[in-house]
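Enquirer: final_6.cif (mmCIF, C-alpha atoms) pasted underneath:
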```
data_final
#
loop_
_atom_site.label_atom_id
_atom_site.label_comp_id
_atom_site.auth_asym_id
_atom_site.auth_seq_id
_atom_site.Cartn_x
_atom_site.Cartn_y
_atom_site.Cartn_z
CA MET A 1 145.31 48.59 89.35
CA PRO A 2 142.58 48.25 86.73
CA ASP A 3 142.51 44.47 87.12
CA ASN A 4 141.56 44.73 90.74
CA ARG A 5 138.92 47.31 89.94
CA GLU A 6 137.48 45.06 87.22
CA ALA A 7 137.53 42.06 89.51
CA ARG A 8 135.75 44.04 92.21
CA ALA A 9 133.13 45.24 89.70
CA ALA A 10 132.56 41.67 88.48
CA ALA A 11 132.22 40.40 92.03
CA ARG A 12 129.75 43.17 92.81
CA THR A 13 127.70 42.37 89.71
CA ASP A 14 127.70 38.72 90.67
CA MET A 15 126.55 39.58 94.19
CA ILE A 16 123.73 41.78 92.85
CA MET A 17 122.57 39.02 90.49
CA ARG A 18 122.55 36.39 93.19
CA THR A 19 120.81 38.67 95.66
CA THR A 20 118.12 39.47 93.08
CA LEU A 21 117.41 35.79 92.48
CA ALA A 22 117.43 34.92 96.18
CA LEU A 23 115.02 37.73 97.00
CA ALA A 24 112.74 36.86 94.07
CA GLN A 25 112.54 33.30 95.34
CA GLU A 26 111.86 34.41 98.90
CA THR A 27 109.27 37.09 98.29
CA GLY A 28 107.98 36.34 94.80
CA TYR A 29 108.66 38.58 91.84
CA ALA A 30 105.81 41.01 92.53
CA LYS A 31 107.35 42.10 95.84
CA LEU A 32 110.91 42.27 94.54
CA SER A 33 112.33 45.81 94.53
CA ILE A 34 115.61 47.40 93.52
CA GLU A 35 115.75 49.02 96.96
CA ALA A 36 115.54 45.65 98.72
CA VAL A 37 118.24 44.18 96.47
CA ALA A 38 120.51 47.16 97.16
CA ALA A 39 120.00 46.90 100.89
CA ARG A 40 120.71 43.18 101.06
CA ALA A 41 123.65 43.33 98.63
CA GLY A 42 125.12 46.25 100.57
CA VAL A 43 125.33 48.62 97.60
CA GLY A 44 123.71 51.98 96.96
CA LYS A 45 120.49 51.80 94.98
CA HIS A 46 121.93 54.21 92.41
CA THR A 47 124.65 51.68 91.72
CA ILE A 48 121.90 49.37 90.55
CA TYR A 49 119.73 51.95 88.80
CA ARG A 50 122.74 53.24 86.82
CA ARG A 51 123.07 49.87 85.13
CA TRP A 52 119.55 48.44 85.33
CA PRO A 53 116.90 51.11 84.83
CA SER A 54 114.08 48.80 85.89
CA LYS A 55 113.48 45.86 88.15
CA GLY A 56 112.50 43.81 85.09
CA LEU A 57 115.85 44.34 83.37
CA LEU A 58 117.74 43.56 86.57
CA PHE A 59 115.75 40.37 86.90
CA LEU A 60 116.33 39.41 83.25
CA ASP A 61 120.11 39.75 83.65
CA SER A 62 120.04 37.84 86.92
CA LEU A 63 118.11 34.96 85.46
CA LEU A 64 120.26 34.72 82.34
CA SER A 65 123.40 34.90 84.51
CA LEU A 66 122.51 31.44 85.82
CA ASN A 67 123.56 30.16 82.42
CA GLU A 68 121.15 27.30 82.81
CA PRO A 69 119.31 28.07 79.60
CA ALA A 70 122.17 26.52 77.61
CA LEU A 71 119.74 24.12 76.00
CA ASP A 72 121.90 22.76 73.22
CA TYR A 73 120.66 20.07 70.86
CA PRO A 74 122.58 16.84 70.69
CA ASP A 75 123.14 15.45 67.19
CA THR A 76 123.07 11.67 67.35
CA GLY A 77 121.72 11.43 63.81
CA ASP A 78 118.19 10.68 65.07
CA VAL A 79 116.32 13.98 65.06
CA MET A 80 113.29 12.73 66.98
CA ALA A 81 115.47 11.38 69.80
CA ASP A 82 117.53 14.56 69.86
CA LEU A 83 114.49 16.85 69.98
CA ARG A 84 113.00 14.70 72.70
CA ARG A 85 116.16 14.93 74.79
CA GLN A 86 116.44 18.68 74.37
CA ILE A 87 112.78 19.27 75.18
CA TYR A 88 112.97 16.99 78.21
CA ALA A 89 115.83 19.19 79.44
CA ALA A 90 113.73 22.32 78.86
CA VAL A 91 110.80 20.76 80.72
CA ASP A 92 113.06 19.76 83.63
CA LEU A 93 114.14 23.39 83.85
CA LEU A 94 110.61 24.79 83.59
CA THR A 95 109.22 22.41 86.18
CA GLY A 96 112.19 22.72 88.52
CA PRO A 97 111.56 24.60 91.77
CA GLN A 98 114.43 27.00 91.10
CA TRP A 99 114.29 28.23 87.54
CA GLY A 100 110.66 27.53 86.62
CA PRO A 101 108.79 30.05 88.79
CA LEU A 102 111.44 32.70 88.09
CA TYR A 103 111.18 32.20 84.33
CA GLN A 104 107.41 32.31 84.58
CA ALA A 105 107.66 35.64 86.42
CA LEU A 106 110.04 36.94 83.77
CA VAL A 107 107.65 36.11 80.95
CA GLY A 108 104.88 37.74 82.97
CA GLU A 109 106.95 40.91 83.31
CA ALA A 110 107.69 40.83 79.56
CA GLN A 111 103.95 41.35 78.98
CA HIS A 112 104.09 44.67 80.81
CA ASP A 113 107.61 45.88 79.97
CA PRO A 114 108.67 46.00 76.29
CA ALA A 115 112.35 46.35 77.26
CA VAL A 116 112.18 43.04 79.12
CA ALA A 117 110.39 41.43 76.18
CA ALA A 118 113.06 42.68 73.78
CA GLY A 119 115.89 41.47 76.03
CA LEU A 120 114.28 38.06 76.48
CA GLY A 121 113.77 37.79 72.73
CA GLU A 122 117.29 38.79 71.74
CA ARG A 123 119.25 37.07 74.47
CA PHE A 124 117.35 33.84 75.03
CA ILE A 125 114.70 33.14 72.39
CA ARG A 126 116.73 34.18 69.32
CA PRO A 127 119.79 31.98 70.09
CA GLN A 128 117.48 29.11 71.05
CA THR A 129 115.59 29.53 67.77
CA ASP A 130 118.84 29.49 65.78
CA LYS A 131 119.91 26.24 67.44
CA THR A 132 116.52 24.66 66.75
CA VAL A 133 116.59 25.65 63.09
CA ALA A 134 120.16 24.40 62.67
CA ARG A 135 119.34 20.99 64.15
CA LEU A 136 116.24 20.65 61.98
CA ARG A 137 118.06 21.80 58.86
CA ALA A 138 120.57 18.98 59.35
CA ALA A 139 117.67 16.56 59.83
CA GLN A 140 115.98 17.87 56.71
CA GLU A 141 119.16 17.27 54.71
CA GLN A 142 119.21 13.70 56.04
CA GLY A 143 115.59 13.09 55.05
CA GLN A 144 114.26 12.96 58.62
CA VAL A 145 112.19 16.10 58.26
CA ALA A 146 109.83 16.71 55.35
CA PRO A 147 111.55 18.70 52.58
CA GLY A 148 108.66 21.15 52.50
CA PHE A 149 108.65 21.83 56.24
CA ASP A 150 108.98 25.55 56.95
CA LEU A 151 112.06 25.71 59.19
CA ASP A 152 111.33 29.29 60.24
CA LEU A 153 108.31 27.93 62.08
CA ALA A 154 110.26 25.25 63.93
CA MET A 155 110.68 27.13 67.19
CA SER A 156 107.09 28.30 67.53
CA ILE A 157 105.63 24.94 66.50
CA LEU A 158 107.88 22.93 68.83
CA SER A 159 107.89 25.23 71.82
CA GLY A 160 104.46 26.85 71.41
CA PRO A 161 102.62 23.82 72.86
CA LEU A 162 105.02 23.83 75.84
CA TYR A 163 104.50 27.52 76.50
CA PHE A 164 100.76 27.02 76.15
CA ARG A 165 100.78 24.55 79.06
CA PHE A 166 103.34 26.51 81.04
CA LEU A 167 101.68 29.92 80.77
CA ILE A 168 98.09 29.52 79.66
CA SER A 169 96.40 26.28 80.66
CA GLN A 170 98.98 25.77 83.45
CA GLU A 171 98.51 22.00 83.32
CA PRO A 172 101.52 19.88 84.32
CA LEU A 173 104.39 19.79 81.83
CA THR A 174 105.28 16.11 81.73
CA ARG A 175 107.53 13.96 79.58
CA ASP A 176 104.44 12.11 78.43
CA TYR A 177 103.05 15.40 77.12
CA VAL A 178 106.31 16.08 75.27
CA ASP A 179 106.18 12.64 73.66
CA ARG A 180 102.59 13.11 72.55
CA VAL A 181 103.29 16.57 71.14
CA LEU A 182 106.34 15.37 69.19
CA ASP A 183 104.43 12.40 67.80
CA ALA A 184 101.53 14.61 66.73
CA LEU A 185 103.78 17.27 65.16
CA PHE A 186 105.78 14.73 63.20
CA ALA A 187 102.74 12.81 61.97
CA GLY A 188 100.73 15.94 61.20
CA MET A 189 97.04 16.57 61.70
CA GLY A 190 95.98 15.85 58.15
CA PRO A 191 95.07 12.39 56.84
CA ARG A 192 98.02 10.56 55.28
CA GLY A 193 96.51 9.16 52.10
CA PRO A 194 94.66 5.92 51.27
CA ALA A 195 95.37 4.15 54.60
CA ASP A 196 93.88 7.10 56.47
CA ALA A 197 90.84 7.58 54.26
CA PRO A 198 87.46 7.18 55.95
CA ALA A 199 85.55 3.95 55.39
CA SER A 200 82.78 5.90 53.67
CA ALA A 201 83.02 9.52 52.59
CA MET B 1 61.31 46.28 95.00
CA PRO B 2 63.95 43.57 94.50
CA ASP B 3 63.89 44.06 90.74
CA ASN B 4 65.03 47.62 91.05
CA ARG B 5 67.72 46.63 93.48
CA GLU B 6 68.95 43.93 91.12
CA ALA B 7 68.87 46.30 88.19
CA ARG B 8 70.87 48.86 90.15
CA ALA B 9 73.41 46.22 91.16
CA ALA B 10 73.78 45.08 87.56
CA ALA B 11 74.21 48.65 86.36
CA ARG B 12 76.84 49.26 89.03
CA THR B 13 78.72 46.09 88.07
CA ASP B 14 78.61 47.16 84.45
CA MET B 15 79.94 50.60 85.36
CA ILE B 16 82.79 49.09 87.39
CA MET B 17 83.74 46.74 84.52
CA ARG B 18 83.77 49.53 81.97
CA THR B 19 85.69 51.87 84.25
CA THR B 20 88.30 49.17 84.87
CA LEU B 21 88.84 48.63 81.14
CA ALA B 22 88.93 52.35 80.38
CA LEU B 23 91.49 53.00 83.12
CA ALA B 24 93.61 50.01 82.08
CA GLN B 25 93.72 51.37 78.54
CA GLU B 26 94.60 54.87 79.72
CA THR B 27 97.27 54.08 82.27
CA GLY B 28 98.40 50.57 81.37
CA TYR B 29 97.67 47.57 83.53
CA ALA B 30 100.63 48.08 85.88
CA LYS B 31 99.28 51.41 87.12
CA LEU B 32 95.68 50.25 87.41
CA SER B 33 94.41 50.19 90.99
CA ILE B 34 91.15 49.28 92.68
CA GLU B 35 91.23 52.67 94.40
CA ALA B 36 91.37 54.50 91.08
CA VAL B 37 88.52 52.40 89.66
CA ALA B 38 86.40 53.08 92.76
CA ALA B 39 87.07 56.82 92.57
CA ARG B 40 86.22 57.12 88.88
CA ALA B 41 83.19 54.81 89.10
CA GLY B 42 81.92 56.71 92.14
CA VAL B 43 81.68 53.68 94.42
CA GLY B 44 83.39 52.88 97.70
CA LYS B 45 86.52 50.78 97.32
CA HIS B 46 85.07 48.19 99.71
CA THR B 47 82.22 47.71 97.28
CA ILE B 48 84.84 46.49 94.83
CA TYR B 49 87.03 44.57 97.28
CA ARG B 50 84.00 42.69 98.62
CA ARG B 51 83.46 41.11 95.25
CA TRP B 52 86.92 41.19 93.67
CA PRO B 53 89.66 40.51 96.22
CA SER B 54 92.43 41.51 93.82
CA LYS B 55 92.99 43.85 90.91
CA GLY B 56 93.76 40.82 88.74
CA LEU B 57 90.38 39.21 89.36
CA LEU B 58 88.58 42.51 88.75
CA PHE B 59 90.46 42.86 85.48
CA LEU B 60 89.69 39.27 84.46
CA ASP B 61 85.96 39.80 84.95
CA SER B 62 86.07 43.11 83.14
CA LEU B 63 87.83 41.68 80.13
CA LEU B 64 85.55 38.64 79.90
CA SER B 65 82.51 40.92 80.27
CA LEU B 66 83.31 42.31 76.82
CA ASN B 67 82.08 39.00 75.50
CA GLU B 68 84.37 39.36 72.54
CA PRO B 69 86.10 36.06 73.17
CA ALA B 70 83.12 34.21 71.68
CA LEU B 71 85.38 32.63 69.11
CA ASP B 72 83.07 29.96 67.76
CA TYR B 73 84.11 27.65 64.97
CA PRO B 74 82.06 27.64 61.80
CA ASP B 75 81.31 24.21 60.34
CA THR B 76 81.23 24.47 56.57
CA GLY B 77 82.44 20.88 56.18
CA ASP B 78 85.96 22.04 55.31
CA VAL B 79 87.97 21.86 58.53
CA MET B 80 91.01 23.68 57.20
CA ALA B 81 88.90 26.63 56.03
CA ASP B 82 86.97 26.67 59.31
CA LEU B 83 90.09 26.61 61.47
CA ARG B 84 91.61 29.33 59.33
CA ARG B 85 88.55 31.54 59.76
CA GLN B 86 88.41 31.02 63.50
CA ILE B 87 92.11 31.66 63.96
CA TYR B 88 91.96 34.77 61.77
CA ALA B 89 89.25 36.05 64.12
CA ALA B 90 91.44 35.30 67.15
CA VAL B 91 94.37 37.08 65.51
CA ASP B 92 92.21 40.11 64.70
CA LEU B 93 91.27 40.26 68.37
CA LEU B 94 94.84 39.82 69.62
CA THR B 95 96.24 42.43 67.27
CA GLY B 96 93.38 44.88 67.76
CA PRO B 97 94.21 48.03 69.70
CA GLN B 98 91.40 47.41 72.19
CA TRP B 99 91.46 43.81 73.32
CA GLY B 100 95.03 42.77 72.43
CA PRO B 101 97.07 44.78 74.96
CA LEU B 102 94.51 44.10 77.68
CA TYR B 103 94.59 40.37 77.07
CA GLN B 104 98.38 40.47 77.04
CA ALA B 105 98.32 42.21 80.42
CA LEU B 106 95.88 39.62 81.73
CA VAL B 107 98.13 36.73 80.72
CA GLY B 108 101.05 38.60 82.31
CA GLU B 109 99.12 38.91 85.56
CA ALA B 110 98.21 35.21 85.40
CA GLN B 111 101.96 34.45 85.74
CA HIS B 112 102.02 36.19 89.12
CA ASP B 113 98.53 35.45 90.46
CA PRO B 114 97.33 31.82 90.51
CA ALA B 115 93.69 32.91 91.03
CA VAL B 116 93.82 34.87 87.77
CA ALA B 117 95.43 31.91 86.01
CA ALA B 118 92.70 29.57 87.31
CA GLY B 119 89.93 31.98 86.27
CA LEU B 120 91.41 32.47 82.81
CA GLY B 121 91.76 28.71 82.41
CA GLU B 122 88.25 27.83 83.53
CA ARG B 123 86.34 30.68 81.97
CA PHE B 124 88.13 31.27 78.69
CA ILE B 125 90.64 28.55 77.80
CA ARG B 126 88.55 25.53 78.83
CA PRO B 127 85.42 26.47 76.78
CA GLN B 128 87.66 27.42 73.85
CA THR B 129 89.43 24.07 74.10
CA ASP B 130 86.11 22.20 74.14
CA LYS B 131 84.97 24.00 70.99
CA THR B 132 88.26 23.21 69.24
CA VAL B 133 88.09 19.54 70.13
CA ALA B 134 84.45 19.29 69.03
CA ARG B 135 85.19 20.86 65.62
CA LEU B 136 88.19 18.57 65.08
CA ARG B 137 86.31 15.48 66.22
CA ALA B 138 83.71 16.16 63.53
CA ALA B 139 86.51 16.60 61.01
CA GLN B 140 88.13 13.39 62.14
CA GLU B 141 84.85 11.52 61.63
CA GLN B 142 84.71 12.96 58.11
CA GLY B 143 88.26 11.83 57.32
CA GLN B 144 89.71 15.36 57.24
CA VAL B 145 91.90 14.84 60.29
CA ALA B 146 94.17 11.81 60.72
CA PRO B 147 92.41 9.06 62.72
CA GLY B 148 95.40 8.80 65.04
CA PHE B 149 95.58 12.52 65.79
CA ASP B 150 95.44 13.12 69.55
CA LEU B 151 92.46 15.47 69.90
CA ASP B 152 93.36 16.39 73.46
CA LEU B 153 96.39 18.16 72.05
CA ALA B 154 94.42 20.16 69.50
CA MET B 155 94.21 23.37 71.47
CA SER B 156 97.85 23.53 72.50
CA ILE B 157 99.12 22.56 69.06
CA LEU B 158 96.89 25.01 67.21
CA SER B 159 97.10 27.95 69.58
CA GLY B 160 100.58 27.35 71.05
CA PRO B 161 102.34 28.83 68.02
CA LEU B 162 100.06 31.89 68.20
CA TYR B 163 100.76 32.42 71.88
CA PHE B 164 104.46 31.94 71.22
CA ARG B 165 104.45 34.91 68.84
CA PHE B 166 102.07 36.95 70.96
CA LEU B 167 103.85 36.50 74.30
CA ILE B 168 107.38 35.28 73.72
CA SER B 169 108.96 36.31 70.44
CA GLN B 170 106.49 39.20 70.12
CA GLU B 171 106.79 39.17 66.33
CA PRO B 172 103.75 40.35 64.37
CA LEU B 173 100.78 37.98 64.32
CA THR B 174 99.75 38.03 60.67
CA ARG B 175 97.32 36.02 58.55
CA ASP B 176 100.29 34.81 56.55
CA TYR B 177 101.76 33.35 59.74
CA VAL B 178 98.45 31.61 60.51
CA ASP B 179 98.39 30.10 57.01
CA ARG B 180 101.95 28.84 57.31
CA VAL B 181 101.33 27.34 60.75
CA LEU B 182 98.15 25.55 59.62
CA ASP B 183 99.88 24.17 56.53
CA ALA B 184 102.83 22.93 58.61
CA LEU B 185 100.63 21.38 61.29
CA PHE B 186 98.44 19.58 58.79
CA ALA B 187 101.35 18.29 56.71
CA GLY B 188 103.45 17.35 59.75
CA MET B 189 107.17 17.68 60.23
CA GLY B 190 108.07 14.10 59.37
CA PRO B 191 108.78 12.86 55.86
CA ARG B 192 105.72 11.44 54.10
CA GLY B 193 107.04 8.23 52.60
CA PRO B 194 108.73 7.40 49.28
CA ALA B 195 108.11 10.78 47.62
CA ASP B 196 109.77 12.54 50.54
CA ALA B 197 112.71 10.19 50.88
CA PRO B 198 116.15 11.73 50.37
CA ALA B 199 117.97 11.14 47.09
CA SER B 200 120.69 9.30 48.98
CA ALA B 201 120.55 8.18 52.58
#
```
Can you dump the structure from the file as structure tokens?

Expert:
Amino acid sequence: MPDNREARAAARTDMIMRTTLALAQETGYAKLSIEAVAARAGVGKHTIYRRWPSKGLLFLDSLLSLNEPALDYPDTGDVMADLRRQIYAAVDLLTGPQWGPLYQALVGEAQHDPAVAAGLGERFIRPQTDKTVARLRAAQEQGQVAPGFDLDLAMSILSGPLYFRFLISQEPLTRDYVDRVLDALFAGMGPRGPADAPASA
Amino acid sequence: MPDNREARAAARTDMIMRTTLALAQETGYAKLSIEAVAARAGVGKHTIYRRWPSKGLLFLDSLLSLNEPALDYPDTGDVMADLRRQIYAAVDLLTGPQWGPLYQALVGEAQHDPAVAAGLGERFIRPQTDKTVARLRAAQEQGQVAPGFDLDLAMSILSGPLYFRFLISQEPLTRDYVDRVLDALFAGMGPRGPADAPASA
């Protein structure tokens, strides 16, 4: 009965993922261990090691299994409003008590473990980048984004300032901050021509 | 002879800092331990624990003791050229074999240890932010930065895209990337008026 075997395997995977997340939330990522997950999930630790060679990769799969990072862009025809809505959703996730600290721990682990960094890049950042570029390309075609704007930079320019607050300065990520960043990125740092020229040069 | 005692203490601190960095480079940050630093530096581990309660704080002090992060802005009167030069210097540091991987490990640790995050923020990011704001304020007064540009965002908007590549997408940090980011940030994402308007709307 292969169906039953598959169903059992899927249920076991699901149990391991949920146990990993629950333990990470209880103890913090630093104290998480494959042994503790195995014990609580009631499976042998080799069952876990066979599929996830490191705690970081187990954690990556567990976090992505939540499926919360489905941060799609709406397309209402107003790119600024759509970006704002999508980034608000990202900020809600990052500042939420559930996903935020876990994602922060994952990015921390990615700095020590190249396999985690590669998995995070391919499975979360790359699809997110593709969605961002697609939404901005549509906006560019509609004249809402400057024709010369380098779309390949869209993801790092839009999300870089969020990650800077989230990871580096660790100041609060607020909707007000998102609004200010979007306004500044759309207007640009450079002067805009005659109206912006200094009174005396 | 208090002078001798102070000199000996300073020499011992210096030895501990250099041993910490050397060990971190040899073994990677994850395997670094206060015990190993104490053994190699020839001091008791309590000598280290008394002053640095965690490996993360010891590592933070060691890295900042290199004094390399003195990333001052030149002021030639051309803000774009000055930013470019300063950011090139930051990129050289981040991509260098010495400081780059250590700084990456430090930021990783800051995601798990709030004391490291606070120290990094106060002792490296805050002074760097102040310098960035001061250079851009001068440029704004000279009409080289839009009068409406929100200076408080300068650091996150300028360095966010660098950190995004360094920590998240982990693509190469090149001078070409810096040039493209600066051009995009100065021009802005929004259309610039009649010349940028779409042929048909």

Enquirer: Counting all atoms listed in the file, note down every residue that has an atom within 12 Å of the point (82.6, 48.6, 80.6) (file coordinates), as a PDB file with C-alpha atoms, in the coordinates of the input.

Expert:
```
ATOM      1  CA  ALA B  10      73.780  45.080  87.560  1.00  0.00           C
ATOM      2  CA  ALA B  11      74.210  48.650  86.360  1.00  0.00           C
ATOM      3  CA  ARG B  12      76.840  49.260  89.030  1.00  0.00           C
ATOM      4  CA  THR B  13      78.720  46.090  88.070  1.00  0.00           C
ATOM      5  CA  ASP B  14      78.610  47.160  84.450  1.00  0.00           C
ATOM      6  CA  MET B  15      79.940  50.600  85.360  1.00  0.00           C
ATOM      7  CA  ILE B  16      82.790  49.090  87.390  1.00  0.00           C
ATOM      8  CA  MET B  17      83.740  46.740  84.520  1.00  0.00           C
ATOM      9  CA  ARG B  18      83.770  49.530  81.970  1.00  0.00           C
ATOM     10  CA  THR B  19      85.690  51.870  84.250  1.00  0.00           C
ATOM     11  CA  THR B  20      88.300  49.170  84.870  1.00  0.00           C
ATOM     12  CA  LEU B  21      88.840  48.630  81.140  1.00  0.00           C
ATOM     13  CA  ALA B  22      88.930  52.350  80.380  1.00  0.00           C
ATOM     14  CA  LEU B  23      91.490  53.000  83.120  1.00  0.00           C
ATOM     15  CA  ALA B  24      93.610  50.010  82.080  1.00  0.00           C
ATOM     16  CA  GLN B  25      93.720  51.370  78.540  1.00  0.00           C
ATOM     17  CA  VAL B  37      88.520  52.400  89.660  1.00  0.00           C
ATOM     18  CA  ALA B  41      83.190  54.810  89.100  1.00  0.00           C
ATOM     19  CA  LEU B  58      88.580  42.510  88.750  1.00  0.00           C
ATOM     20  CA  PHE B  59      90.460  42.860  85.480  1.00  0.00           C
ATOM     21  CA  ASP B  61      85.960  39.800  84.950  1.00  0.00           C
ATOM     22  CA  SER B  62      86.070  43.110  83.140  1.00  0.00           C
ATOM     23  CA  LEU B  63      87.830  41.680  80.130  1.00  0.00           C
ATOM     24  CA  LEU B  64      85.550  38.640  79.900  1.00  0.00           C
ATOM     25  CA  SER B  65      82.510  40.920  80.270  1.00  0.00           C
ATOM     26  CA  LEU B  66      83.310  42.310  76.820  1.00  0.00           C
ATOM     27  CA  ASN B  67      82.080  39.000  75.500  1.00  0.00           C
TER      28      ASN B  67
END
```

Enquirer: Nearest to chain A among B:Ala146, B:Leu173, B:Ala154, B:Ile87, with distances taken over only C-alpha atoms: which residue is it?

Expert: B:Ala146

Enquirer: Return as a PyMOL selection string the set of residues that the PyMOL selection byres ((chain B) within 6 of (chain A)) yields on the displayed structure.

Expert: chain B and resi 104-105+108+111+121+143+145-146+149+156-157+160-161+164+169+185-191+197-198

Enquirer: Rank nothing, just name the residue among B:Thr132, B:Ser33, B:Gln98, B:Thr76 nearest to Ile48 (chain B), using all atoms listed in the file.

Expert: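 With all atoms listed in the file as the atom set, the closest residue is B:Ser33.
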
Enquirer: Out of B:Gln128, B:Thr174, B:Ser54, B:Thr27, which residue has the shortest atom-to-atom distance to Gly96 (chain B) when counting all atoms listed in the file?

Expert: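 Using all atoms listed in the file, Gly96 (chain B) sits closest to B:Thr174.
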
Enquirer: Would you compute the distance between CA of Ala38 (chain B) and CA of Leu57 (chain B)? Give it in Å to one decimal.

Expert: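 That distance, rounded to one decimal, is 14.8 Å.
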
Enquirer: Between CA of Leu32 (chain A) and CA of Arg51 (chain B), what is the distance in Å, rounded to a tenth?

Expert: 27.5 Å

Enquirer: One number please: CA of Tyr88 (chain A) to CA of Val116 (chain B), in Å, one decimal.

Expert: 27.9 Å

Enquirer: If you apply the PyMOL selection byres ((chain A and resi 75) around 12) to this file, what residues do you get, as a ChimeraX atom specification?

Expert: /A:72-74,76-86,131-132,134-139,142

Enquirer: Draw an axis-aligned box tight on the listed atoms of region 157-163 of chain A, then pad every side by 6 Å and write out centre and edge lengths in Å to one decimal as lines of an AutoDock Vina configuration file.

Expert:
```
center_x = 105.3
center_y = 25.2
center_z = 71.5
size_x = 17.3
size_y = 16.6
size_z = 22.0
```

Enquirer: Which is closer to Lys55 (chain A) than all the others in A:Thr95, A:Glu35, A:Arg8, A:Pro127, using all atoms listed in the file?

Expert: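 For Lys55 (chain A), the nearest of the candidates is A:Glu35.
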